[in-house]
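Chemist: Structure file my_file14.txt (compact mmCIF, C-alpha atoms and all ligand atoms) right here:
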```txt
# COMPACT_ATOMS: atom_id res chain seq x y z
CA MET A 7 -65.46 67.11 87.57
CA LEU A 8 -64.20 70.57 88.28
CA SER A 9 -60.51 69.73 88.14
CA SER A 10 -60.60 67.13 85.38
CA GLN A 11 -62.33 69.60 83.05
CA LYS A 12 -60.14 72.49 84.19
CA SER A 13 -63.35 74.37 84.89
CA VAL A 14 -63.85 77.19 87.33
CA TYR A 15 -66.83 78.82 89.03
CA ASN A 16 -67.11 81.76 86.67
CA PHE A 17 -68.73 84.85 88.24
CA ASN A 18 -67.24 87.34 85.79
CA ALA A 19 -69.18 90.56 85.20
CA GLY A 20 -68.67 90.57 81.43
CA PRO A 21 -67.61 88.97 79.24
CA SER A 22 -68.99 86.22 81.38
CA ALA A 23 -69.96 82.55 81.63
CA LEU A 24 -71.45 80.85 78.59
CA PRO A 25 -73.40 77.58 78.80
CA ARG A 26 -70.92 74.73 78.66
CA GLU A 27 -73.21 72.82 76.27
CA VAL A 28 -73.08 75.74 73.84
CA LEU A 29 -69.30 75.94 73.97
CA GLU A 30 -69.03 72.22 73.33
CA LYS A 31 -71.45 72.35 70.42
CA ALA A 32 -69.55 75.30 68.93
CA GLN A 33 -66.34 73.33 69.31
CA SER A 34 -67.79 70.34 67.50
CA GLU A 35 -68.98 72.54 64.62
CA LEU A 36 -66.01 74.87 64.54
CA VAL A 37 -63.94 73.38 61.72
CA ASP A 38 -66.67 71.93 59.54
CA PHE A 39 -70.01 73.66 59.87
CA LYS A 40 -72.86 71.30 58.88
CA ASP A 41 -70.78 69.41 56.29
CA SER A 42 -69.91 72.58 54.40
CA GLY A 43 -66.19 71.75 54.64
CA MET A 44 -65.49 75.09 56.34
CA SER A 45 -66.07 77.02 59.50
CA ILE A 46 -68.98 79.43 59.89
CA MET A 47 -66.25 82.07 60.26
CA GLU A 48 -64.98 81.35 56.76
CA MET A 49 -68.32 81.67 54.99
CA SER A 50 -69.75 84.54 53.05
CA HIS A 51 -72.26 86.46 55.08
CA ARG A 52 -74.41 86.36 51.92
CA SER A 53 -74.44 82.56 51.79
CA ALA A 54 -77.65 80.63 52.41
CA ALA A 55 -76.03 78.71 55.29
CA TYR A 56 -75.04 81.90 57.12
CA GLU A 57 -78.32 83.61 56.40
CA GLU A 58 -80.17 80.76 58.08
CA VAL A 59 -78.04 81.15 61.22
CA HIS A 60 -78.62 84.91 61.17
CA ASN A 61 -82.38 84.69 60.73
CA GLN A 62 -82.71 81.90 63.30
CA ALA A 63 -81.00 84.04 65.93
CA ILE A 64 -83.42 86.90 65.25
CA LEU A 65 -86.45 84.58 65.29
CA ARG A 66 -85.38 83.00 68.56
CA LEU A 67 -84.98 86.43 70.12
CA ARG A 68 -88.44 87.40 68.93
CA SER A 69 -90.02 84.28 70.32
CA LEU A 70 -88.17 84.03 73.67
CA PHE A 71 -88.64 87.71 74.51
CA SER A 72 -92.20 87.87 73.02
CA ILE A 73 -91.25 90.84 70.83
CA PRO A 74 -94.32 92.29 69.12
CA GLU A 75 -94.51 92.47 65.31
CA ASN A 76 -94.19 96.25 65.24
CA TYR A 77 -90.60 96.10 66.51
CA GLU A 78 -87.41 95.65 64.51
CA VAL A 79 -84.74 93.36 65.93
CA LEU A 80 -81.28 94.57 64.89
CA LEU A 81 -77.90 92.93 65.39
CA LEU A 82 -75.28 95.65 65.55
CA GLN A 83 -71.65 96.16 66.58
CA GLY A 84 -69.83 98.62 68.81
CA GLY A 85 -71.35 97.43 72.10
CA ALA A 86 -73.82 99.26 74.29
CA SER A 87 -71.33 102.14 74.27
CA LEU A 88 -71.97 102.88 70.60
CA GLN A 89 -75.69 102.88 71.40
CA PHE A 90 -75.05 105.66 73.92
CA ALA A 91 -74.14 107.78 70.87
CA MET A 92 -76.47 106.32 68.24
CA ILE A 93 -79.60 106.82 70.34
CA PRO A 94 -79.30 110.62 70.61
CA MET A 95 -77.99 110.88 67.04
CA ASN A 96 -81.10 109.15 65.74
CA PHE A 97 -83.75 110.32 68.18
CA LEU A 98 -82.68 113.57 69.85
CA THR A 99 -83.85 116.24 67.42
CA SER A 100 -82.88 119.87 68.02
CA ALA A 101 -86.32 121.00 69.20
CA LYS A 102 -86.42 118.42 72.00
CA LYS A 103 -84.67 117.29 75.15
CA ALA A 104 -83.89 113.79 76.32
CA SER A 105 -84.19 112.73 79.95
CA TYR A 106 -81.97 110.20 81.66
CA ILE A 107 -82.75 108.23 84.81
CA MET A 108 -79.47 108.10 86.68
CA SER A 109 -78.94 104.83 88.51
CA GLY A 110 -75.27 104.05 88.10
CA ALA A 111 -72.04 104.30 86.16
CA TRP A 112 -73.53 103.20 82.85
CA SER A 113 -76.37 105.71 82.93
CA ASP A 114 -73.69 108.33 83.68
CA LYS A 115 -71.85 107.32 80.53
CA ALA A 116 -75.03 107.27 78.46
CA LEU A 117 -75.91 110.78 79.63
CA LYS A 118 -72.41 112.14 78.99
CA GLU A 119 -72.43 110.83 75.45
CA ALA A 120 -75.90 112.25 74.73
CA LYS A 121 -74.71 115.66 76.00
CA THR A 122 -72.32 115.83 73.06
CA ILE A 123 -75.26 115.53 70.68
CA GLY A 124 -78.08 117.57 72.18
CA GLU A 125 -79.96 118.81 75.21
CA VAL A 126 -80.35 116.38 78.05
CA TYR A 127 -81.38 116.44 81.70
CA GLU A 128 -81.68 114.07 84.64
CA ALA A 129 -85.14 112.60 85.23
CA ALA A 130 -84.02 111.27 88.62
CA SER A 131 -80.78 110.30 90.32
CA THR A 132 -79.64 108.23 93.28
CA LYS A 133 -76.03 109.33 92.99
CA GLU A 134 -76.24 110.96 96.43
CA VAL A 135 -76.60 107.57 98.07
CA ASN A 136 -73.79 106.08 95.97
CA TYR A 137 -76.36 104.38 93.74
CA ASN A 138 -77.29 101.85 96.41
CA ARG A 139 -80.86 101.85 95.10
CA VAL A 140 -82.70 102.72 91.92
CA PRO A 141 -85.03 105.73 91.88
CA THR A 142 -88.63 104.95 92.83
CA LEU A 143 -91.24 105.47 90.12
CA ASP A 144 -92.49 108.54 92.05
CA GLU A 145 -89.08 110.17 91.89
CA ILE A 146 -88.83 109.98 88.11
CA LYS A 147 -89.82 113.23 86.38
CA TRP A 148 -89.93 113.65 82.64
CA ASP A 149 -91.68 115.99 80.26
CA GLU A 150 -94.24 114.92 77.70
CA ASN A 151 -92.25 116.79 75.04
CA ASP A 152 -89.09 114.79 75.65
CA ALA A 153 -87.52 112.98 72.72
CA TYR A 154 -87.22 109.93 74.97
CA VAL A 155 -86.62 108.79 78.54
CA HIS A 156 -83.53 106.62 79.04
CA ILE A 157 -83.26 103.99 81.76
CA THR A 158 -80.64 101.38 82.74
CA SER A 159 -82.65 98.34 83.81
CA ASN A 160 -79.83 96.67 85.73
CA ASN A 161 -76.83 98.43 87.20
CA THR A 162 -73.98 96.02 86.65
CA ILE A 163 -71.45 97.82 88.82
CA PHE A 164 -73.62 98.74 91.82
CA GLY A 165 -75.81 95.63 91.78
CA THR A 166 -79.24 97.23 91.59
CA GLN A 167 -82.14 96.49 89.25
CA PHE A 168 -85.50 98.02 88.43
CA GLN A 169 -88.36 95.71 89.40
CA GLU A 170 -90.90 97.99 87.70
CA PHE A 171 -90.61 100.42 84.83
CA PRO A 172 -92.20 103.85 84.49
CA THR A 173 -95.09 104.22 82.07
CA THR A 174 -94.01 107.09 79.86
CA GLY A 175 -97.05 107.32 77.59
CA ALA A 176 -96.28 108.92 74.25
CA VAL A 177 -92.63 109.50 75.18
CA PRO A 178 -90.52 106.49 74.13
CA LEU A 179 -88.83 104.69 77.00
CA ILE A 180 -85.37 103.48 75.95
CA ALA A 181 -83.68 100.86 78.10
CA ASP A 182 -80.09 99.72 78.33
CA MET A 183 -80.64 96.07 79.32
CA SER A 184 -77.05 94.99 78.72
CA SER A 185 -76.76 93.12 81.99
CA ASP A 186 -80.24 91.67 82.42
CA ILE A 187 -81.76 91.15 78.99
CA LEU A 188 -83.56 87.80 78.80
CA SER A 189 -83.02 87.15 82.49
CA ARG A 190 -86.76 87.62 83.13
CA PRO A 191 -89.93 88.31 81.16
CA VAL A 192 -90.42 91.98 80.27
CA ASP A 193 -93.35 93.68 78.57
CA VAL A 194 -91.50 94.87 75.48
CA SER A 195 -94.47 96.98 74.38
CA LYS A 196 -93.74 99.41 77.26
CA PHE A 197 -90.52 100.42 75.51
CA GLY A 198 -89.64 102.41 72.43
CA MET A 199 -86.30 100.66 72.33
CA ILE A 200 -84.32 98.04 74.25
CA TYR A 201 -80.63 97.43 73.64
CA ALA A 202 -77.88 95.25 75.06
CA GLY A 203 -74.33 94.23 74.38
CA ALA A 204 -74.36 90.43 74.11
CA GLN A 205 -71.45 89.62 76.39
CA LYS A 206 -73.34 89.34 79.68
CA ASN A 207 -76.47 87.29 79.07
CA LEU A 208 -76.56 86.51 75.36
CA GLY A 209 -73.24 85.36 74.01
CA PRO A 210 -69.74 86.59 73.26
CA SER A 211 -68.78 90.26 72.91
CA GLY A 212 -69.02 91.81 69.48
CA VAL A 213 -72.80 91.61 68.95
CA THR A 214 -75.24 94.23 70.18
CA VAL A 215 -78.98 93.61 70.12
CA ALA A 216 -81.32 96.55 69.47
CA ILE A 217 -85.10 96.15 69.56
CA ILE A 218 -86.81 99.26 68.19
CA ARG A 219 -90.45 100.18 67.62
CA LYS A 220 -90.88 100.69 63.90
CA ASP A 221 -92.58 104.09 64.03
CA LEU A 222 -89.53 105.55 65.77
CA LEU A 223 -87.38 104.66 62.76
CA GLU A 224 -89.67 106.60 60.45
CA ASN A 225 -89.33 109.78 62.50
CA ALA A 226 -85.62 109.47 63.20
CA ASN A 227 -83.01 112.07 62.31
CA ALA A 228 -82.05 111.63 58.63
CA SER A 229 -78.93 113.83 58.56
CA ILE A 230 -76.43 111.44 60.13
CA PRO A 231 -73.97 109.00 58.51
CA THR A 232 -75.61 105.99 56.85
CA ILE A 233 -73.90 103.42 59.05
CA LEU A 234 -75.20 105.12 62.21
CA LYS A 235 -78.85 105.18 61.14
CA TYR A 236 -80.99 102.46 62.63
CA SER A 237 -83.12 102.54 59.48
CA THR A 238 -80.09 101.43 57.42
CA HIS A 239 -79.72 98.29 59.48
CA ALA A 240 -83.46 97.69 59.62
CA SER A 241 -83.93 97.85 55.86
CA ASN A 242 -80.96 95.50 55.34
CA ASN A 243 -81.93 92.87 57.93
CA SER A 244 -78.72 93.78 59.85
CA LEU A 245 -76.65 92.78 56.80
CA TYR A 246 -75.78 96.26 55.56
CA ASN A 247 -72.13 95.51 56.17
CA THR A 248 -70.37 92.32 57.28
CA PRO A 249 -71.94 91.28 60.57
CA PRO A 250 -70.00 89.64 63.42
CA SER A 251 -71.03 86.27 62.06
CA PHE A 252 -69.41 83.99 64.61
CA GLY A 253 -70.85 86.03 67.49
CA ILE A 254 -74.32 85.87 65.93
CA TYR A 255 -73.96 82.10 65.53
CA MET A 256 -73.10 81.91 69.24
CA LEU A 257 -76.03 84.17 70.11
CA GLY A 258 -78.37 81.79 68.27
CA GLU A 259 -76.95 78.82 70.14
CA VAL A 260 -77.29 80.53 73.53
CA LEU A 261 -80.92 81.31 72.69
CA ALA A 262 -81.51 77.69 71.65
CA TRP A 263 -80.04 76.65 75.00
CA MET A 264 -82.49 78.98 76.75
CA GLU A 265 -85.35 77.33 74.87
CA GLU A 266 -84.09 73.96 76.08
CA GLN A 267 -84.05 75.28 79.66
CA GLY A 268 -87.80 75.81 79.31
CA GLY A 269 -87.89 79.41 78.11
CA LEU A 270 -87.80 82.75 79.84
CA GLU A 271 -90.11 81.97 82.77
CA LYS A 272 -87.99 79.00 83.72
CA VAL A 273 -84.74 80.91 83.31
CA ALA A 274 -86.15 83.68 85.52
CA GLN A 275 -87.10 81.17 88.22
CA ASN A 276 -83.59 79.73 88.14
CA ASN A 277 -82.09 83.20 88.38
CA GLU A 278 -84.21 83.97 91.45
CA ALA A 279 -83.17 80.74 93.13
CA LYS A 280 -79.50 81.33 92.27
CA ALA A 281 -79.38 84.89 93.58
CA LYS A 282 -81.27 83.87 96.72
CA LEU A 283 -78.49 81.48 97.70
CA ILE A 284 -75.93 84.28 97.72
CA TYR A 285 -78.20 86.92 99.27
CA ASP A 286 -79.04 84.40 101.99
CA ALA A 287 -75.35 84.01 102.73
CA ILE A 288 -75.19 87.80 103.15
CA ASP A 289 -78.42 88.19 105.15
CA ASN A 290 -77.69 85.28 107.48
CA SER A 291 -74.15 86.42 108.25
CA ASN A 292 -74.99 88.80 111.12
CA GLY A 293 -73.20 91.60 109.37
CA PHE A 294 -70.07 89.68 108.44
CA TYR A 295 -71.07 90.40 104.83
CA THR A 296 -73.00 93.57 104.00
CA GLY A 297 -74.85 94.05 100.72
CA HIS A 298 -74.30 97.31 98.84
CA ALA A 299 -77.83 97.49 97.41
CA GLU A 300 -80.94 98.22 99.42
CA LYS A 301 -83.13 95.13 99.51
CA GLU A 302 -85.95 96.44 97.28
CA SER A 303 -83.42 97.36 94.59
CA ARG A 304 -81.32 94.20 94.65
CA SER A 305 -80.18 92.83 91.33
CA LEU A 306 -80.58 89.15 90.55
CA MET A 307 -77.68 89.44 88.12
CA ASN A 308 -74.94 91.28 90.03
CA ILE A 309 -74.69 90.72 93.76
CA THR A 310 -72.46 93.32 95.42
CA PHE A 311 -71.19 93.01 98.98
CA ARG A 312 -68.44 94.04 101.35
CA LEU A 313 -66.62 92.56 104.29
CA ALA A 314 -65.57 94.39 107.46
CA ASP A 315 -62.39 95.91 106.01
CA GLU A 316 -60.19 95.81 102.94
CA GLN A 317 -57.76 93.40 104.52
CA LEU A 318 -60.49 90.84 105.08
CA GLU A 319 -61.83 91.42 101.57
CA LYS A 320 -58.39 90.71 100.15
CA GLN A 321 -58.23 87.53 102.17
CA PHE A 322 -61.71 86.53 100.97
CA LEU A 323 -60.82 87.09 97.32
CA GLN A 324 -57.54 85.22 97.72
CA GLU A 325 -59.11 82.17 99.34
CA ALA A 326 -61.99 82.26 96.83
CA LYS A 327 -59.48 82.22 94.00
CA GLU A 328 -57.73 79.21 95.51
CA ALA A 329 -61.10 77.45 95.77
CA GLY A 330 -61.77 77.94 92.05
CA PHE A 331 -63.94 81.07 92.04
CA VAL A 332 -63.28 83.64 89.32
CA GLY A 333 -64.45 87.24 88.97
CA LEU A 334 -65.58 87.98 92.53
CA ASN A 335 -63.73 91.26 92.89
CA GLY A 336 -65.92 94.36 92.74
CA HIS A 337 -65.61 96.94 89.98
CA ARG A 338 -62.56 99.16 90.42
CA SER A 339 -64.80 102.21 90.97
CA VAL A 340 -66.73 100.63 93.88
CA GLY A 341 -64.42 98.08 95.48
CA GLY A 342 -65.63 95.18 97.58
CA CYS A 343 -66.95 92.01 96.04
CA ARG A 344 -69.38 91.22 93.27
CA ALA A 345 -70.80 87.92 92.10
CA SER A 346 -72.38 88.08 88.65
CA ALA A 347 -74.90 85.26 88.33
CA TYR A 348 -76.04 85.67 84.73
CA ASN A 349 -78.27 83.12 82.96
CA ALA A 350 -75.43 80.75 82.13
CA VAL A 351 -73.99 80.58 85.65
CA PRO A 352 -75.11 77.19 86.99
CA PHE A 353 -77.15 76.80 90.16
CA THR A 354 -74.38 74.52 91.47
CA ALA A 355 -71.84 77.35 91.14
CA CYS A 356 -74.07 79.58 93.31
CA GLN A 357 -74.47 76.76 95.82
CA ALA A 358 -70.71 76.39 95.94
CA LEU A 359 -70.31 80.12 96.51
CA GLN A 360 -72.88 80.13 99.31
CA GLN A 361 -71.06 77.30 101.00
CA PHE A 362 -67.70 78.99 100.52
CA MET A 363 -69.02 82.23 102.04
CA GLU A 364 -70.36 80.36 105.08
CA GLU A 365 -67.12 78.48 105.59
CA PHE A 366 -65.02 81.61 105.18
CA GLN A 367 -67.16 83.38 107.77
CA ALA A 368 -66.86 80.50 110.24
CA LYS A 369 -63.10 80.58 109.85
CA HIS A 370 -62.51 84.32 110.09
CA GLN A 371 -65.25 85.63 112.36
C1 LIG B 1 -71.36 96.27 80.21
C2 LIG B 1 -72.36 97.35 80.10
C3 LIG B 1 -72.26 98.37 79.15
C4 LIG B 1 -71.07 98.52 78.22
O1 LIG B 1 -71.14 97.62 77.19
P1 LIG B 1 -70.06 97.62 76.00
O2 LIG B 1 -70.58 96.51 75.16
O3 LIG B 1 -68.72 97.37 76.60
O4 LIG B 1 -70.12 98.93 75.33
C5 LIG B 1 -73.27 99.31 79.09
N1 LIG B 1 -74.33 99.26 79.92
C6 LIG B 1 -74.46 98.29 80.85
C7 LIG B 1 -75.64 98.28 81.75
C8 LIG B 1 -73.48 97.31 80.96
O5 LIG B 1 -73.60 96.35 81.89
```
In structure tokens, what does this structure look like?
Ligand SMILES: *Cc1c(COP(=O)(O)O)cnc(C)c1O

Modeler:
Amino acid sequence: MLSSQKSVYNFNAGPSALPREVLEKAQSELVDFKDSGMSIMEMSHRSAAYEEVHNQAILRLRSLFSIPENYEVLLLQGGASLQFAMIPMNFLTSAKKASYIMSGAWSDKALKEAKTIGEVYEAASTKEVNYNRVPTLDEIKWDENDAYVHITSNNTIFGTQFQEFPTTGAVPLIADMSSDILSRPVDVSKFGMIYAGAQKNLGPSGVTVAIIRKDLLENANASIPTILKYSTHASNNSLYNTPPSFGIYMLGEVLAWMEEQGGLEKVAQNNEAKAKLIYDAIDNSNGFYTGHAEKESRSLMNITFRLADEQLEKQFLQEAKEAGFVGLNGHRSVGGCRASAYNAVPFTACQALQQFMEEFQAKHQ
């Protein structure tokens, strides 16, 4: 099947694997969307047909992620990176500070961007140990006067993930969930805001999901450009300007696929089973493979590991490539290897990787 369909085992970190069924459905609807005689890409974003796609995607998000009624669900552009700027622009007022929990490269970027807007500080950091774990809840210190506390739920580059979130009381907790949104159930009501670029777990790049508690919008900074205000997008149902309509269509189809898988609980179970295969290959290797993350902080989405030396890693990546594996090289800032096993990566691909790792070890030990 693999060769006849020209498929690969796609472990890319992002953009990353999409469900094959979704790609095939999109292909079948690409030229003539629901007998309209045109593609969804060619339609007005004010048309009834597009609006249904748009609203369906939002409804599916609400239902799959159990988003309470008092939250807005926005579909934005500019990736998580634009959110790094929009969050402090909207919520960091001059009388307050914002605190950032530092757990990797993306929290670094979020903090740097916020620094250009207002006063920020670190609520905790594991930089000293090269981000091989996330801070424990005890290590996280914030102030009750903070504008918000920012957290990165899953650290895509280092392969760590929070298993529990701090309870920040009246201070809104804002989470970048770009690389683990909808990979597991989360109590959304713990958060003031959750955001994610779509290209890891939700669809193609170009769409950014933002889930924001409504009362935060009312108290947000009003003296910023219209397009950068969350309230603008909220009061226009994310149709203030032309949305990335094809990406939102794909988002809706990925969410429908998740429903067909049995919903979030089922997807989370699959993700646990998938990651376990690869972590087992590491843990049972007698040190041939070493994981970067400490066990309690391990990510189910991004599995980072090293081999004895760079020469052997090069060999591993080369042979993996020849065997049909894509995207196993670690991020350029960390090196080593990384397997990203997002929602759409099939269990069989993780089985194949486990087997490949065992065979490679047997050959080169
Ligand atoms: C990929 C990623 C980003 C960057 O997303 P863009 O859409 O490229 O801006 C930010 N945060 C996390 C945790 C990521 O994994």

Chemist: As an exercise, work out the distance from atom CA of Tyr127 of chain A to atom CA of Ser159 of chain A in Å and give it to one decimal place.

Modeler: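 Straight-line distance from atom CA of Tyr127 of chain A to atom CA of Ser159 of chain A works out to 18.3 Å.
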
Chemist: Choose the residue, out of A:Val126, A:Pro191, A:Lys133, A:Pro352, that has the smallest atom-to-atom separation from Glu271 of chain A; count only C-alpha atoms.

Modeler: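 Using only C-alpha atoms, the shortest distance to Glu271 of chain A belongs to A:Pro191.
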
Chemist: Would you please work out which residue, of A:Ser305, A:Ser211, A:Asn247, A:Ser237, is nearest to Val140 of chain A when using all atoms listed in the file?

Modeler: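 Selected residue with least distance to Val140 of chain A: A:Ser305.
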
Chemist: For a cut-off of 10 Å around (-68.3, 92.4, 104.5), file coordinates, pick out all residues using only C-alpha atoms and list them as an MDAnalysis selection string.

Modeler: chainID A and resid 288 291 293:298 311:316 318:319 322 342:343 367

Chemist: Sort by chain and increasing residue number a table of all residues of chain A within 7 Å of ligand LIG 1 (chain B), each with its closest pair of atoms and their distance in Å to one decimal, counting all atoms listed in the file, and write it as CSV.

Modeler:
```
residue,atom,partner,partner_atom,distance
A:Gly20,CA,B:LIG1,C1,6.4
A:Gly84,CA,B:LIG1,O4,6.5
A:Gly85,CA,B:LIG1,O2,3.3
A:Ala86,CA,B:LIG1,O4,3.9
A:Ser87,CA,B:LIG1,O4,3.6
A:Leu88,CA,B:LIG1,O4,6.4
A:Trp112,CA,B:LIG1,N1,5.0
A:Thr158,CA,B:LIG1,C7,6.0
A:Asn160,CA,B:LIG1,C7,6.0
A:Asn161,CA,B:LIG1,C7,5.6
A:Thr162,CA,B:LIG1,O5,4.8
A:Asp182,CA,B:LIG1,C7,5.8
A:Met183,CA,B:LIG1,C7,6.0
A:Ser184,CA,B:LIG1,C7,4.7
A:Ser185,CA,B:LIG1,O5,4.5
A:Gly203,CA,B:LIG1,O2,4.5
A:Ser211,CA,B:LIG1,O2,6.9
```

Chemist: Could you check which of A:Arg344, A:Lys118, A:His156, A:Lys235 is closest to Tyr201 of chain A, using all atoms listed in the file?

Modeler: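 Going through A:Arg344, A:Lys118, A:His156, A:Lys235 one by one, the smallest distance to Tyr201 of chain A is for A:His156.
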
Chemist: Between A:Asn242, A:Ile64, A:Ser195, A:Ala299, which is the closest to Ser109 of chain A once you count all atoms listed in the file?

Modeler: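 Nearest to Ser109 of chain A: A:Ala299.
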
Chemist: Can you sort out the box for segment 12-16 of chain A, edges along x, y and z, all listed atoms in, 3 Å on every side, with centre and edge lengths in Å to one decimal, as JSON?

Modeler:
```
{"center_x": -63.6, "center_y": 77.1, "center_z": 86.6, "size_x": 13.0, "size_y": 15.3, "size_z": 10.8}
```

Chemist: I'd like the interatomic distance between atom CA of Ile187 of chain A and atom CA of Leu208 of chain A, to a tenth of an Å.

Modeler: 7.9 Å

Chemist: Just give me the gap between atom CA of Leu67 of chain A and atom CA of Tyr15 of chain A in Å, one decimal is fine.

Modeler: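 The value is 27.3 Å.
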
Chemist: Taking all atoms listed in the file into account, which of A:Asp144, A:Glu48, A:Gln89, A:Asn207 comes nearest Tyr348 of chain A?

Modeler: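 Ranked by minimum distance to Tyr348 of chain A, first place goes to A:Asn207.
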
Chemist: Looking at A:Leu334, A:Ala226, A:Val351, A:Cys356, which one is nearest to Leu24 of chain A, with distances taken over all atoms listed in the file?

Modeler: A:Val351

Chemist: For Glu119 of chain A, work out the shell of residues within 9 Å, counting all atoms listed in the file and skipping chain neighbours fewer than 3 positions away, then give it as a ChimeraX atom specification.

Modeler: /A:87,90-91,94,114-116,122-123

Chemist: Could you extract segment 36-42 of chain A of the given structure into a file holding all heavy atoms, as a PDB file, in the first residue's frame?

Modeler:
```pdb
ATOM      1  N   LEU A  36     -12.980  19.325  -4.464  1.00  0.00           N
ATOM      2  CA  LEU A  36     -12.156  20.510  -4.751  1.00  0.00           C
ATOM      3  C   LEU A  36     -12.699  21.369  -5.889  1.00  0.00           C
ATOM      4  O   LEU A  36     -12.757  22.592  -5.787  1.00  0.00           O
ATOM      5  CB  LEU A  36     -10.712  20.073  -5.076  1.00  0.00           C
ATOM      6  CG  LEU A  36      -9.721  21.229  -5.145  1.00  0.00           C
ATOM      7  CD1 LEU A  36      -9.457  21.802  -3.765  1.00  0.00           C
ATOM      8  CD2 LEU A  36      -8.407  20.773  -5.769  1.00  0.00           C
ATOM      9  N   VAL A  37     -13.090  20.732  -6.980  1.00  0.00           N
ATOM     10  CA  VAL A  37     -13.452  21.489  -8.187  1.00  0.00           C
ATOM     11  C   VAL A  37     -14.908  21.947  -8.145  1.00  0.00           C
ATOM     12  O   VAL A  37     -15.238  23.050  -8.573  1.00  0.00           O
ATOM     13  CB  VAL A  37     -13.172  20.617  -9.439  1.00  0.00           C
ATOM     14  CG1 VAL A  37     -13.648  21.325 -10.697  1.00  0.00           C
ATOM     15  CG2 VAL A  37     -11.677  20.325  -9.536  1.00  0.00           C
ATOM     16  N   ASP A  38     -15.751  21.082  -7.590  1.00  0.00           N
ATOM     17  CA  ASP A  38     -17.188  21.391  -7.580  1.00  0.00           C
ATOM     18  C   ASP A  38     -17.726  21.115  -6.186  1.00  0.00           C
ATOM     19  O   ASP A  38     -18.075  19.993  -5.854  1.00  0.00           O
ATOM     20  CB  ASP A  38     -17.888  20.520  -8.646  1.00  0.00           C
ATOM     21  CG  ASP A  38     -19.379  20.844  -8.753  1.00  0.00           C
ATOM     22  OD1 ASP A  38     -19.846  21.794  -8.077  1.00  0.00           O
ATOM     23  OD2 ASP A  38     -20.075  20.136  -9.500  1.00  0.00           O
ATOM     24  N   PHE A  39     -17.794  22.171  -5.390  1.00  0.00           N
ATOM     25  CA  PHE A  39     -18.200  21.992  -3.992  1.00  0.00           C
ATOM     26  C   PHE A  39     -19.719  21.859  -3.893  1.00  0.00           C
ATOM     27  O   PHE A  39     -20.465  22.801  -4.215  1.00  0.00           O
ATOM     28  CB  PHE A  39     -17.705  23.166  -3.131  1.00  0.00           C
ATOM     29  CG  PHE A  39     -18.065  23.036  -1.679  1.00  0.00           C
ATOM     30  CD1 PHE A  39     -17.455  22.087  -0.877  1.00  0.00           C
ATOM     31  CD2 PHE A  39     -19.042  23.856  -1.114  1.00  0.00           C
ATOM     32  CE1 PHE A  39     -17.799  21.957   0.462  1.00  0.00           C
ATOM     33  CE2 PHE A  39     -19.382  23.737   0.228  1.00  0.00           C
ATOM     34  CZ  PHE A  39     -18.763  22.784   1.015  1.00  0.00           C
ATOM     35  N   LYS A  40     -20.188  20.684  -3.501  1.00  0.00           N
ATOM     36  CA  LYS A  40     -21.615  20.430  -3.276  1.00  0.00           C
ATOM     37  C   LYS A  40     -22.502  20.956  -4.405  1.00  0.00           C
ATOM     38  O   LYS A  40     -23.465  21.695  -4.174  1.00  0.00           O
ATOM     39  CB  LYS A  40     -22.047  21.029  -1.933  1.00  0.00           C
ATOM     40  CG  LYS A  40     -21.375  20.324  -0.758  1.00  0.00           C
ATOM     41  CD  LYS A  40     -22.040  20.610   0.558  1.00  0.00           C
ATOM     42  CE  LYS A  40     -21.435  19.736   1.645  1.00  0.00           C
ATOM     43  NZ  LYS A  40     -21.721  20.204   2.991  1.00  0.00           N
ATOM     44  N   ASP A  41     -22.140  20.599  -5.632  1.00  0.00           N
ATOM     45  CA  ASP A  41     -22.932  20.969  -6.818  1.00  0.00           C
ATOM     46  C   ASP A  41     -23.090  22.473  -7.014  1.00  0.00           C
ATOM     47  O   ASP A  41     -24.051  22.924  -7.634  1.00  0.00           O
ATOM     48  CB  ASP A  41     -24.330  20.315  -6.769  1.00  0.00           C
ATOM     49  CG  ASP A  41     -24.247  18.808  -6.918  1.00  0.00           C
ATOM     50  OD1 ASP A  41     -23.346  18.350  -7.659  1.00  0.00           O
ATOM     51  OD2 ASP A  41     -25.054  18.097  -6.281  1.00  0.00           O
ATOM     52  N   SER A  42     -22.165  23.237  -6.509  1.00  0.00           N
ATOM     53  CA  SER A  42     -22.248  24.688  -6.713  1.00  0.00           C
ATOM     54  C   SER A  42     -21.616  25.088  -8.045  1.00  0.00           C
ATOM     55  O   SER A  42     -21.750  26.224  -8.496  1.00  0.00           O
ATOM     56  CB  SER A  42     -21.517  25.415  -5.588  1.00  0.00           C
ATOM     57  OG  SER A  42     -20.128  25.089  -5.639  1.00  0.00           O
TER      58      SER A  42
END
```
